[in-house]
Structure formats: C-alpha cells, structure tokens
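Novice: This is the structure I want to talk about, given as structure tokens.
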Amino acid sequence: MEICHTAAELSERLAAYRKVAFVPTMGNLHRGHLSLMQIARERADGVVASIFVNRLQFGPNEDFDRYPRTIEQDRAGLEAEGVNVLFAPDEQEMYPTPQVYRVQPPPLATELEGAFRPGFFDGVCTVVLKLFNLVQPDIAVFGKKDRQQLKIVRGMAQQFNMPIQIVAAETVRADDGLALSSRNGYLTADERREAPRLYRTLRWIADGIAAGRTDYANLEVAGRAELARHGWNVDYIAVRHGLGLRIPHPEGFDHPNLLIVLGAAKLGATRLIDNVDVVPKHNED
Ligand code: PAF
C-alpha cells in the first residue's frame, strides 16, 4: 500500500489504476470501515482510502481534539484489506488557506443530525467534495450507519453532476447489536453494556411498523421514554421515509415502501447514532 500525504503524490499514484473506488474516513478504523474497503475492493482495480479528521464538521463543543488518531493501527488494517493507496493529508494540505467557500447542503441538513450539530453537513459536504476532486473516483463507498450523510452526499453527487457512483454499505454490528463506531471506544464498561439498547429500541419501533402500526409519533415517544428511563439523553427518535428521509404521513396514508427509524442519544458523554430499515405491513398485503 502506498501512502500519500500530498495531492501531488496522490495524483501520481492514481495514474496506475483504470477504475478507482474510494472510501473516505476519519481513521480509528474498525470492522465497519474495513467492510467498506472490501466492497470497494470488489468493484475496482484501485482502492483508495483517506484518513483525515475534518475540523470543519466538528462543532465548538464537540470532540475534534480528542477524536482518536490511530494511524499505525489503521494502516495495518487497510493493508490487510488490500487497499492500494492511503491518502492521509494534514490540515495544511487540505486547508492551506481558510476554507471560505463551502457547500450549502439542502434543507434536510438542518434536520435530525443537523438540528443537533449545526454546520455538520456543510463541513462534511465541503470536505467530501474536496476529496472527490482530489481522488476523482469512479465509485465511493459510504456506510448506512450515517444514513443522513449517505443521502446528502449522494444528492450532492447527483446535483453537481459528479460522475461518481455512491455505494451504500450495510451497518456492521457487534454480537449484541451495537453498531460499530469509532465513538464506542469512549464508553465505560457499564455504558458499553447499556449501549445496545439504542439498536433494540429502534428495532422495537421497526417491528411495530412491520406488524402494521402507523402511529409513528406514539412509537417515537415510547422509544424516547424507554431510553430516557435507562439514563440516556435523547436527541431524536424519528421515523422517516426511505427515500429522501421525509416525514411520513402521521397515519401511514402515503403508503411508504420503506421507512427508516433513526435515533441519536447520549450515554454519559458519548453520543451514539443508529438506524434500521423497515418495510411497512401494508406493502406485504
Ligand atoms: O463519515 C465520516 O467518517 C466522515 O464524515 C467523512 C465522510 C470521512 C467526511 O469527513
């Protein structure tokens, strides 16, 4: 695996490949990230991963400084997955001058994650646009765990006519259901035992919908209450349309083909997010 720290080195290396699949990351890689690399590997002769902790997507009270930087360990994992090129620029390379031009994402970016992390998606879209311009991939792989990010990046690629296929990868979970995330490393042992409740709660709501319930608001309230009862500080529990993450009709009259149940909540100091898909019952009749 070649490691490039500058755009010039990267461009030189990329010339060797016919088709490039790209996986952008912020490092501290776990099995979830590595599964994205496998998907990339199956689809192209050149697999490029990036590691860059993007200051622009962190709010003033978020964990930019304490975000784990584990480059040596990450490097070994990427090598084992057959990644061809690791692009690991420093801040000066990515933002040599203050980044005053920004991508303005759509209104969806102010909902769900965006409502609790103002400016998050403009930071994500801006860095992803820059990385796409540097790597010029044919394919880019994003995980479904960050579902809203996936939708917004895919929309950006479409609306800006980027010739890049955005591939969605399934969430990888621990045996107890907890979605793998770099932030799981912040959990204490007690919190780690409690953490799968977020997934179980989303699953419970999804199972209700699959069984025919359409009172989404009641399900959301019950989900919040369940988590709060166990010491979570809930940001949102939301049932949304699979396409575009729109709010569904409150009684199911718009007959969605797919709904997504999303949640974000803090356990102690650690904020976790997750989501699950559900096909509503009426679609099976
Ligand atoms: O999902 C992430 O790790 C980041 O948001 C991304 C896409 C690498 C942009 O910094």
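Ordering of the structure tokens sets the chain letters (A, B, ...); residue numbers start at 1 within each chain; ligands are numbered from 1 in the order shown.
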Around ligand 1, out to 10 Å and counting only C-alpha atoms and all ligand atoms, which residues are there? I want them as a ChimeraX atom specification.
Specialist: /A:23-29,33,49-58,120-121,123-129,131,141-147,149-150,153,181-182
Novice: Run DSSP on the backbone of this structure and report the residues of segment 5-206 of chain A it assigns to strand (DSSP E), as a VMD selection string.
Specialist: chain A and resid 20 to 25 46 to 51 85 to 87 139 to 143 165 to 169
Novice: Would you kindly return, as a list in words, each protein, DNA or RNA residue with an atom no farther than 10 Å from any atom of Leu86 of chain A, considering only C-alpha atoms and excluding same-chain residues fewer than 2 positions away?
Specialist: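 My list of contacting residues is Met1, Glu2, Ile3, Cys4, His5, Leu10, Phe22, Val23, Pro24, Val47, Val48, Ala49, Ser50, Ile51, Asp74, Arg75, Leu78, Glu79, Val83, Asn84, Ala88 and Pro89 of chain A.
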Novice: Next, dump the selected residues to file, keeping only C-alpha atoms, as a compact mmCIF listing (two decimals), in the first residue's frame.
Specialist:
```
# COMPACT_ATOMS: atom_id res chain seq x y z
CA MET A 1 0.00 0.00 0.00
CA GLU A 2 1.29 3.41 -0.98
CA ILE A 3 0.84 6.25 1.49
CA CYS A 4 0.41 9.74 0.10
CA HIS A 5 0.34 12.87 2.19
CA LEU A 10 -1.82 11.09 -4.79
CA PHE A 22 -12.75 5.44 -2.77
CA VAL A 23 -13.56 5.17 0.94
CA PRO A 24 -13.22 8.44 2.87
CA VAL A 47 -8.87 1.11 -3.90
CA VAL A 48 -8.10 4.44 -2.26
CA ALA A 49 -8.87 5.16 1.40
CA SER A 50 -8.42 8.53 3.04
CA ILE A 51 -7.84 9.37 6.68
CA ASP A 74 -5.30 1.90 10.72
CA ARG A 75 -2.51 1.46 8.23
CA LEU A 78 -6.04 -1.13 5.37
CA GLU A 79 -3.03 -3.07 4.16
CA VAL A 83 -6.16 -1.11 -0.13
CA ASN A 84 -3.80 0.24 -2.80
CA ALA A 88 -3.51 10.90 4.69
CA PRO A 89 -3.17 14.64 4.22
```
Novice: Select from segment 13-81 of chain A everything DSSP, run on the backbone, classes as alpha helix (DSSP H), then give the selection as a PyMOL selection string.
Specialist: chain A and resi 13-14+31-43+71-80
Novice: Report as a list in words all protein, DNA and RNA residues lying within 10 Å of segment 15-20 of chain A, evaluated on only C-alpha atoms, omitting residues in the same chain fewer than 6 positions from it.
Specialist: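 Listing them by chain and then by number gives Ala40, Arg41, Arg43, Ala44, Asp45, Gly46, Val47, Val48, Asn84, Val135, Gln136, Pro137, Asp138, Ile139, Ala140 and Ile164 of chain A.
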Novice: Considering only C-alpha atoms, state which residue in the set A:Pro96, A:Pro196, A:Pro118, A:Pro105 is at the smallest distance from Glu62 of chain A.
Specialist: A:Pro118
Novice: Could you tell me which of A:His282, A:Glu113, A:Met156, A:Thr171 comes closest to His30 of chain A if we count only C-alpha atoms?
Specialist: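 Smallest distance to His30 of chain A is found for A:Thr171.
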Novice: Between atom CA of Leu134 of chain A and atom CA of Gly244 of chain A, what distance in Å does the model show, to one decimal?
Specialist: 27.7 Å
Novice: Which neighbours of His230 of chain A fall inside 10 Å, counting only C-alpha atoms, when residues of the same chain fewer than 5 positions from it are skipped, and could you give them as a list in words?
Specialist: Glu194, Arg197, Ala225 and Leu267 of chain A
Novice: Just checking: using only C-alpha atoms, which residue out of A:Leu227, A:Ile209, A:Leu198, A:Ile247 ends up closest to Ile273 of chain A?
Specialist: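 Result for the nearest residue to Ile273 of chain A: A:Leu198.
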Novice: Rank A:Glu251, A:Asp235, A:Glu9, A:Asp63 by their smallest atom-to-atom distance to Arg213 of chain A, using only C-alpha atoms, and report the top residue only.
Specialist: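 Nearest to Arg213 of chain A: A:Glu251.
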Novice: Env of segment 236-242 of chain A: 7 Å cut, atoms = only C-alpha atoms, seq-sep filter 5 positions within chain, self excluded. Answer as number ranges by chain.
Specialist: A: 112, 216, 220, 223-224, 247-248, 256, 258-265
